[in-house]
Structures are given as C-alpha cells and as structure tokens.
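These notes concern the structure reproduced below.
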Amino acid sequence: VTLNKICGQITTANDALAAATTVSFVVTDSLIAASDMVIANIVSGGTVGAYTLTVSAKAAGSFTLSLRNESAGSLSEAVVIGFAIIKAATA
C-alpha cells in the first residue's frame with residue numbers, strides 16, 4: 001500500500017483469512033519519520049470483535065500493519081483501517 005498522507009484509510013481485499021491467522025502488510029508513506037508514532041484502528045467492514053490490528057513495525061518512509069482474525073472461523077471481509085501519524089521528536 002502506498003499512501004503519502006498524514007492520515008487516511010486503507011480498505012483490505014476481502015480474501016479469506018483463516019481463523020487465528022495474522023497477515024501483515026507494509027504501508028509506504030513518505031511523511032513518516034522514524035521518530036513518529038502511528039495510531040491505527042478498524043473503522044468498518046469487519047465483524048465486530050473478530051479482528052485485532054497492530055502497528056508491528058515502523059521506519060522512516062513506512063510502517064507495517066498486522067491484522068489478525070481472532071474468530072473460530074475463516075472470514076472474507078473488506079476491513080477498512082484508519083490511521084494517523086503523530087509527528088514526534090526524540091528528546
């Protein structure tokens with residue numbers, strides 16, 4: 001995914017995600033610095049309580065999101081993820 005914005009939304013493909021399985025993907029964003037923070041959450045599109053979302057890595061120019069199916073069955077939903085970059089400096 002490439003989205004050069006300080007905040008935005010990403011809609012995942014509705015491919016099957018098996019139970020208790022995590023998928024990760026890199027978001028390329030020229031506005032993120034290594035010292036910044038990323039806040040991400042599920043906005044819509046998925047079964048409530050069936051997923052967890054984490055920011056699993058971050059670097060200058062990109063961050064990685066990991067989406068996990070916490071349910072007991074396979075899910076095929078287009079999950080909408082919202083994110084915001086918080087500009088920060090290390091002191």
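Chain lettering (A, B, ...) mirrors the order of the structure tokens, residue numbering begins at 1 for each chain separately, and ligand numbering begins at 1 in order of display.
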
Write out as a short mmCIF file (atom, residue, chain, number, x, y, z; two decimals) with all heavy atoms, in the first residue's frame which residues come within 9 Å of Leu75 in chain A when counting only C-alpha atoms, dropping same-chain ones fewer than 3 positions away.
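selection_10.cif, freshly written:
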```cif
data_model
loop_
_atom_site.label_atom_id
_atom_site.label_comp_id
_atom_site.auth_asym_id
_atom_site.auth_seq_id
_atom_site.Cartn_x
_atom_site.Cartn_y
_atom_site.Cartn_z
N ASN A 14 -11.04 -8.56 0.26
CA ASN A 14 -11.92 -9.46 1.02
C ASN A 14 -11.52 -10.93 0.82
O ASN A 14 -12.35 -11.81 0.80
CB ASN A 14 -13.39 -9.23 0.67
CG ASN A 14 -13.68 -9.44 -0.80
OD1 ASN A 14 -12.77 -9.58 -1.61
ND2 ASN A 14 -14.94 -9.44 -1.15
N ASP A 15 -10.22 -11.17 0.71
CA ASP A 15 -9.71 -12.54 0.61
C ASP A 15 -9.92 -13.27 1.93
O ASP A 15 -9.98 -12.65 3.00
CB ASP A 15 -8.22 -12.53 0.29
CG ASP A 15 -7.92 -11.91 -1.07
OD1 ASP A 15 -8.83 -11.87 -1.92
OD2 ASP A 15 -6.78 -11.47 -1.26
N ALA A 16 -10.02 -14.57 1.88
CA ALA A 16 -10.23 -15.38 3.09
C ALA A 16 -9.03 -15.25 4.03
O ALA A 16 -7.88 -15.33 3.60
CB ALA A 16 -10.45 -16.83 2.72
N LEU A 17 -9.33 -15.05 5.30
CA LEU A 17 -8.32 -15.03 6.36
C LEU A 17 -8.72 -16.11 7.36
O LEU A 17 -9.76 -16.02 8.01
CB LEU A 17 -8.26 -13.66 7.02
CG LEU A 17 -7.21 -13.48 8.12
CD1 LEU A 17 -5.80 -13.76 7.59
CD2 LEU A 17 -7.28 -12.07 8.69
N ALA A 18 -7.91 -17.15 7.44
CA ALA A 18 -8.22 -18.30 8.29
C ALA A 18 -8.28 -17.90 9.76
O ALA A 18 -7.71 -16.89 10.17
CB ALA A 18 -7.17 -19.38 8.09
N ALA A 19 -8.98 -18.70 10.54
CA ALA A 19 -9.08 -18.48 11.98
C ALA A 19 -7.69 -18.44 12.61
O ALA A 19 -6.79 -19.17 12.19
CB ALA A 19 -9.91 -19.58 12.62
N GLY A 46 -15.64 -5.02 9.05
CA GLY A 46 -15.36 -6.33 9.62
C GLY A 46 -16.32 -6.67 10.74
O GLY A 46 -16.95 -5.80 11.32
N THR A 47 -16.42 -7.95 11.04
CA THR A 47 -17.24 -8.41 12.15
C THR A 47 -16.67 -7.83 13.45
O THR A 47 -15.48 -7.98 13.72
CB THR A 47 -17.23 -9.94 12.22
OG1 THR A 47 -17.74 -10.46 10.99
CG2 THR A 47 -18.06 -10.46 13.38
N ALA A 50 -13.92 -9.48 15.89
CA ALA A 50 -13.29 -10.63 15.24
C ALA A 50 -11.84 -10.39 14.86
O ALA A 50 -11.13 -11.33 14.54
CB ALA A 50 -14.09 -11.02 13.99
N ASN A 69 -7.20 -12.44 12.52
CA ASN A 69 -8.55 -12.99 12.67
C ASN A 69 -8.58 -13.73 14.00
O ASN A 69 -7.97 -14.78 14.15
CB ASN A 69 -8.87 -13.93 11.51
CG ASN A 69 -10.21 -14.61 11.66
OD1 ASN A 69 -10.92 -14.44 12.65
ND2 ASN A 69 -10.59 -15.39 10.66
N SER A 71 -11.36 -14.91 15.36
CA SER A 71 -12.56 -15.76 15.42
C SER A 71 -12.21 -17.23 15.24
O SER A 71 -11.08 -17.58 14.90
CB SER A 71 -13.58 -15.33 14.37
OG SER A 71 -13.17 -15.75 13.08
#
```

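Across the structure, CA of Ala89 in chain A and CA of Leu67 in chain A are spaced 27.5 Å apart.
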
Going by DSSP on the backbone, which bits of chain A are strand (DSSP E)? Write them as a VMD selection string, please. chain A and resid 7 to 11 21 to 28 37 to 44 51 to 59 62 to 69 80 to 86

Nearby residues (only C-alpha atoms) at most 9 Å from Lys5 in chain A, same-chain spacing under 5 positions excluded, as a ChimeraX atom specification: /A:29-32,84-85

Just all heavy atoms for this one: save the residues we selected as an mmCIF file, in the first residue's frame.
```cif
data_model
loop_
_atom_site.group_PDB
_atom_site.id
_atom_site.type_symbol
_atom_site.label_atom_id
_atom_site.label_comp_id
_atom_site.auth_asym_id
_atom_site.auth_seq_id
_atom_site.Cartn_x
_atom_site.Cartn_y
_atom_site.Cartn_z
ATOM 1 N N ASP A 29 4.783 5.449 3.148
ATOM 2 C CA ASP A 29 4.268 6.799 3.368
ATOM 3 C C ASP A 29 5.458 7.731 3.569
ATOM 4 O O ASP A 29 6.151 7.648 4.582
ATOM 5 C CB ASP A 29 3.345 6.813 4.597
ATOM 6 C CG ASP A 29 2.578 8.107 4.749
ATOM 7 O OD1 ASP A 29 3.115 9.168 4.378
ATOM 8 O OD2 ASP A 29 1.446 8.051 5.239
ATOM 9 N N SER A 30 5.687 8.602 2.617
ATOM 10 C CA SER A 30 6.854 9.482 2.660
ATOM 11 C C SER A 30 6.797 10.490 3.803
ATOM 12 O O SER A 30 7.809 11.120 4.119
ATOM 13 C CB SER A 30 6.984 10.228 1.326
ATOM 14 O OG SER A 30 5.846 11.065 1.120
ATOM 15 N N LEU A 31 5.658 10.627 4.457
ATOM 16 C CA LEU A 31 5.517 11.617 5.525
ATOM 17 C C LEU A 31 5.903 11.087 6.900
ATOM 18 O O LEU A 31 5.953 11.854 7.864
ATOM 19 C CB LEU A 31 4.091 12.155 5.560
ATOM 20 C CG LEU A 31 3.639 12.861 4.278
ATOM 21 C CD1 LEU A 31 2.212 13.348 4.411
ATOM 22 C CD2 LEU A 31 4.571 14.014 3.945
ATOM 23 N N ILE A 32 6.184 9.796 7.039
ATOM 24 C CA ILE A 32 6.515 9.256 8.357
ATOM 25 C C ILE A 32 8.028 9.249 8.586
ATOM 26 O O ILE A 32 8.797 8.859 7.709
ATOM 27 C CB ILE A 32 5.924 7.850 8.587
ATOM 28 C CG1 ILE A 32 6.094 7.437 10.051
ATOM 29 C CG2 ILE A 32 6.502 6.834 7.643
ATOM 30 C CD1 ILE A 32 5.298 6.224 10.452
ATOM 31 N N ALA A 84 -3.425 7.380 11.580
ATOM 32 C CA ALA A 84 -2.947 8.752 11.726
ATOM 33 C C ALA A 84 -1.503 8.705 12.197
ATOM 34 O O ALA A 84 -1.149 7.898 13.052
ATOM 35 C CB ALA A 84 -3.799 9.521 12.729
ATOM 36 N N ILE A 85 -0.694 9.546 11.607
ATOM 37 C CA ILE A 85 0.702 9.688 12.009
ATOM 38 C C ILE A 85 0.789 10.862 12.960
ATOM 39 O O ILE A 85 0.310 11.956 12.654
ATOM 40 C CB ILE A 85 1.610 9.913 10.787
ATOM 41 C CG1 ILE A 85 1.562 8.697 9.858
ATOM 42 C CG2 ILE A 85 3.048 10.221 11.229
ATOM 43 C CD1 ILE A 85 2.238 8.923 8.514
#
```

Excluding Tyr51 in chain A and residues on its chain fewer than 4 positions from it, collect all residues at most 12 Å away from it, counting only C-alpha atoms, and give them as an MDAnalysis selection string. chainID A and resid 17:23 41:47 66:81

The residue from A:Cys7, A:Ala13, A:Ala33, A:Val38 with the smallest atom-to-atom distance to Ser56 in chain A, counting only C-alpha atoms, is A:Val38

Have a look at A:Ile6, A:Leu53, A:Val48, A:Ala60 and name the one nearest to Ile86 in chain A; count only C-alpha atoms. A:Ile6

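Among the candidate residues A:Ile39, A:Gly49, A:Thr54, A:Ser62, the one lying nearest to Gly8 in chain A is A:Ile39, with distances computed using only C-alpha atoms.
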
List the neighbours of Val27 in chain A out to 9 Å using only C-alpha atoms; skip same-chain residues closer than 3 positions along the sequence, and give me the result as a ChimeraX atom specification. /A:1-3,61-65

For Ala88 in chain A, which of A:Ala57, A:Ile10, A:Val26, A:Ala34 is the closest residue, counting only C-alpha atoms? A:Ala34

Separation of CA of Thr52 in chain A from CA of Thr28 in chain A in Å: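 We find that CA of Thr28 in chain A and CA of Thr52 in chain A lie 21.0 Å from each other.
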